[in-house]
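Novice: Structure in structure tokens, see below.
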Amino acid sequence: MIFLGRKNIDVSRAFDHCNQSILYSYCFSITATFSLNFAATFQHGLHNDSVINKWIQRTKTEDLCYLFVDEQSDAIEAVANSKDEAYFNEKLKIQSCYIIAECIAKPARSYNPVVSHKASLRLGKIAVFTPVDNNKIPTYHFDFAPYNILEERTTKPRRLTDFIARVDELKPVENRSGKLLRKLTIQDESKNTIEITFWKEKLPELEDKPLLGNIVAITATFVTKYMEHIQMQSTDATTVTVNPPIPQLKDYQNRFSTIPRCVASGPSATMTLADILARNTSQNKQTRFITEAAITEIDDQHTWYYTKCKVCNKPAHLQHGHQPLFVCEDHKGPEEANIMYCVNATIVDQTLNANAVFFNEPMTMLLNIDCKDMVIKHQNTNPRVIPDKILAARGIMCSMNVTMKNDGKFVVNKLTKCQTLSPNTPDPKKPTKQKQLQLQLPPDDDVLPKKPRH
Ligand SMILES: [Zn+2]
């Protein structure tokens, strides 16, 4: 509902009964109470989720868009010129309530509307925003679509779709022809599974959220159909809320607790550490898994590298000369010994902590320094003193190919760093465990562009 003057009038009804010119004369008297709702932005560095409630719609012209929700939980899109973003940033704060006067009502966008409202608001510099306290106005707006109407959404006007589901699978970030993307498999309460693609701009929406196994409200997705399969993609307006603050959340959680996770079999499926542990102790013995985790601690009770003679594989002995050299007791020659990482560490994901051993290849991938250089060039010859460069790898989220030993220890055979577009600003309110998961860029040699911290 929008309050037109002192009378409650639904904007969509105003559209049905007025012609455009009459409407315009009405429009200037529109006074509405709304609360801004939900975070959606593609700006780097701004991922204090649910703080920002605007997005830039990158169509032919760039629009600055807001989603407003009123006391009746009706939502309407408001659009301003993106060149005036700084001006509106001063006027409108996300998750705050305002009385808005002097805005213009227009028909809602005909392509990819975010909400079903027939009208939208145009905000300009004559608009007046008066902040008010109104705790009756919800701070969220979801209009979840049931699975059976998704097919309709693949045709024009292609209304964007809010969907509630559980995240059953989280694939690593991938680079497809130069485009970064990440795919999630979600399952709804009727056991329909959908693959949803998050494009580069929306990868920050997924960061640092305990997605796997949890219920998520995903808004403003673009529904497509590929080979009879319904799929979804993120849009500029997409937000992701884990365990959304809706009254029905408990019911959803109860219903989902009886639905088995849909994890694709085969080595491409990413599993949590807890899932791997559960699967490995069950009858179904699988040996290779892919998981996503970060190192939290390096074990300094174990040595972090070892050496082998290239001829006989016996350990080589460190000789300090002009520069450190590893020699075999049986073989003399120009061939140096192999120097390889074997780092014992604690890894963590959102489900548990586990012990893991990182052999040479994954550790080299993680550090971007080969072990020989680490030992000789960087002068870290003591295998019992963990080099700072290894300690600095703590907290980097990685996709790891792992096997599991009988004692429950993970062996990491292969590793790729999860690509992060912008490092997170540390949030002092977050619990320590989450903090440990915050992504860090290693001090040097990193392939990723460094972004300024906000
Ligand atoms: Zn030898």
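The way I read the labels, and the way they are meant: chains A, B, ... in the order of the structure tokens, residue 1 as the first residue of every chain, and ligand 1 as the first ligand shown, with later ones counted on from there.
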Within 12 Å of ligand 1, which residues show up when you count only C-alpha atoms and all ligand atoms? List them as a PyMOL selection string, please.
Specialist: chain A and resi 307-317+326-333+335-338
Novice: Could you find all residues in stretch 193-402 of chain A that DSSP calls strand (DSSP E or B) from the backbone, and write them as an MDAnalysis selection string?
Specialist: chainID A and resid 193:199 212 215:226 229:233 240:242 270:271 288:298 305:308 317:319 325:327 338:348 353:359 398:402
Novice: Selected residues, C-alpha atoms, written as a JSON list (two decimals), in the first residue's frame, please.
Specialist:
```json
[["chain", "number", "residue", "atom", "x", "y", "z"],
["A", 193, "THR", "CA", 16.94, -29.84, -7.19],
["A", 194, "ILE", "CA", 18.10, -26.78, -9.09],
["A", 195, "GLU", "CA", 21.53, -25.66, -10.12],
["A", 196, "ILE", "CA", 22.06, -21.97, -9.55],
["A", 197, "THR", "CA", 24.95, -19.99, -11.01],
["A", 198, "PHE", "CA", 26.39, -17.01, -9.20],
["A", 199, "TRP", "CA", 28.23, -14.64, -11.49],
["A", 212, "LEU", "CA", 26.15, -25.90, 2.88],
["A", 215, "ILE", "CA", 18.26, -23.09, 4.35],
["A", 216, "VAL", "CA", 18.77, -20.05, 2.17],
["A", 217, "ALA", "CA", 16.46, -17.41, 0.77],
["A", 218, "ILE", "CA", 17.83, -16.40, -2.61],
["A", 219, "THR", "CA", 16.17, -13.37, -4.17],
["A", 220, "ALA", "CA", 15.80, -11.94, -7.65],
["A", 221, "THR", "CA", 17.16, -14.89, -9.60],
["A", 222, "PHE", "CA", 16.81, -15.27, -13.33],
["A", 223, "VAL", "CA", 15.15, -18.58, -14.22],
["A", 224, "THR", "CA", 16.18, -20.42, -17.37],
["A", 225, "LYS", "CA", 15.59, -23.83, -18.82],
["A", 226, "TYR", "CA", 18.34, -25.99, -20.23],
["A", 229, "HIS", "CA", 16.15, -28.67, -16.45],
["A", 230, "ILE", "CA", 15.13, -25.55, -14.62],
["A", 231, "GLN", "CA", 18.19, -23.50, -13.69],
["A", 232, "MET", "CA", 18.77, -20.16, -12.00],
["A", 233, "GLN", "CA", 21.31, -17.39, -12.26],
["A", 240, "VAL", "CA", 21.40, -14.57, -0.25],
["A", 241, "THR", "CA", 20.14, -14.90, 3.31],
["A", 242, "VAL", "CA", 21.05, -17.97, 5.33],
["A", 270, "THR", "CA", 32.18, -30.79, -2.94],
["A", 271, "MET", "CA", 31.45, -32.20, 0.50],
["A", 288, "ARG", "CA", 38.57, -39.57, -2.77],
["A", 289, "PHE", "CA", 36.68, -36.44, -1.89],
["A", 290, "ILE", "CA", 36.63, -32.76, -2.70],
["A", 291, "THR", "CA", 36.14, -30.39, 0.16],
["A", 292, "GLU", "CA", 36.46, -26.71, 0.79],
["A", 293, "ALA", "CA", 38.36, -25.69, 3.88],
["A", 294, "ALA", "CA", 41.08, -23.47, 5.25],
["A", 295, "ILE", "CA", 44.14, -24.17, 7.38],
["A", 296, "THR", "CA", 43.75, -22.77, 10.87],
["A", 297, "GLU", "CA", 46.85, -24.12, 12.62],
["A", 298, "ILE", "CA", 50.20, -25.48, 11.52],
["A", 305, "TYR", "CA", 59.77, -30.70, 4.95],
["A", 306, "TYR", "CA", 61.76, -33.78, 4.12],
["A", 307, "THR", "CA", 64.55, -34.65, 1.73],
["A", 308, "LYS", "CA", 65.36, -37.62, -0.44],
["A", 317, "HIS", "CA", 71.70, -34.62, 5.26],
["A", 318, "LEU", "CA", 71.98, -30.90, 5.61],
["A", 319, "GLN", "CA", 75.52, -29.52, 5.26],
["A", 325, "LEU", "CA", 73.34, -28.28, 0.75],
["A", 326, "PHE", "CA", 71.68, -31.65, 1.21],
["A", 327, "VAL", "CA", 73.90, -34.64, 0.61],
["A", 338, "ASN", "CA", 64.69, -33.59, -3.58],
["A", 339, "ILE", "CA", 63.34, -31.20, -0.96],
["A", 340, "MET", "CA", 59.63, -31.56, -0.38],
["A", 341, "TYR", "CA", 56.88, -30.20, 1.82],
["A", 342, "CYS", "CA", 55.03, -32.37, 4.26],
["A", 343, "VAL", "CA", 53.06, -30.00, 6.45],
["A", 344, "ASN", "CA", 50.78, -31.19, 9.22],
["A", 345, "ALA", "CA", 47.94, -28.81, 9.91],
["A", 346, "THR", "CA", 44.46, -28.36, 11.27],
["A", 347, "ILE", "CA", 41.87, -27.57, 8.64],
["A", 348, "VAL", "CA", 38.39, -26.25, 9.23],
["A", 353, "ASN", "CA", 38.09, -29.15, 12.55],
["A", 354, "ALA", "CA", 40.24, -31.97, 11.26],
["A", 355, "ASN", "CA", 43.89, -32.95, 11.08],
["A", 356, "ALA", "CA", 45.36, -32.96, 7.64],
["A", 357, "VAL", "CA", 48.70, -33.51, 6.03],
["A", 358, "PHE", "CA", 49.65, -31.43, 3.00],
["A", 359, "PHE", "CA", 52.19, -33.01, 0.67],
["A", 398, "CYS", "CA", 40.88, -23.77, -0.71],
["A", 399, "SER", "CA", 39.19, -26.46, -2.65],
["A", 400, "MET", "CA", 41.08, -29.62, -1.73],
["A", 401, "ASN", "CA", 41.18, -33.12, -3.18],
["A", 402, "VAL", "CA", 41.54, -35.30, -0.14]]
```
Novice: What is the distance between atom CA of A:Phe256 and atom CA of A:Tyr140, in Å to one decimal?
Specialist: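 Between atom CA of A:Phe256 and atom CA of A:Tyr140 the gap is 22.2 Å.
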Novice: Any idea what the distance is between atom CA of A:Trp55 and atom CA of A:Ala237?
Specialist: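 According to the coordinates, atom CA of A:Trp55 and atom CA of A:Ala237 are separated by 5.7 Å.
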Novice: In Å, how far is it from atom CA of A:Arg176 to atom CA of A:Thr235?
Specialist: 17.6 Å
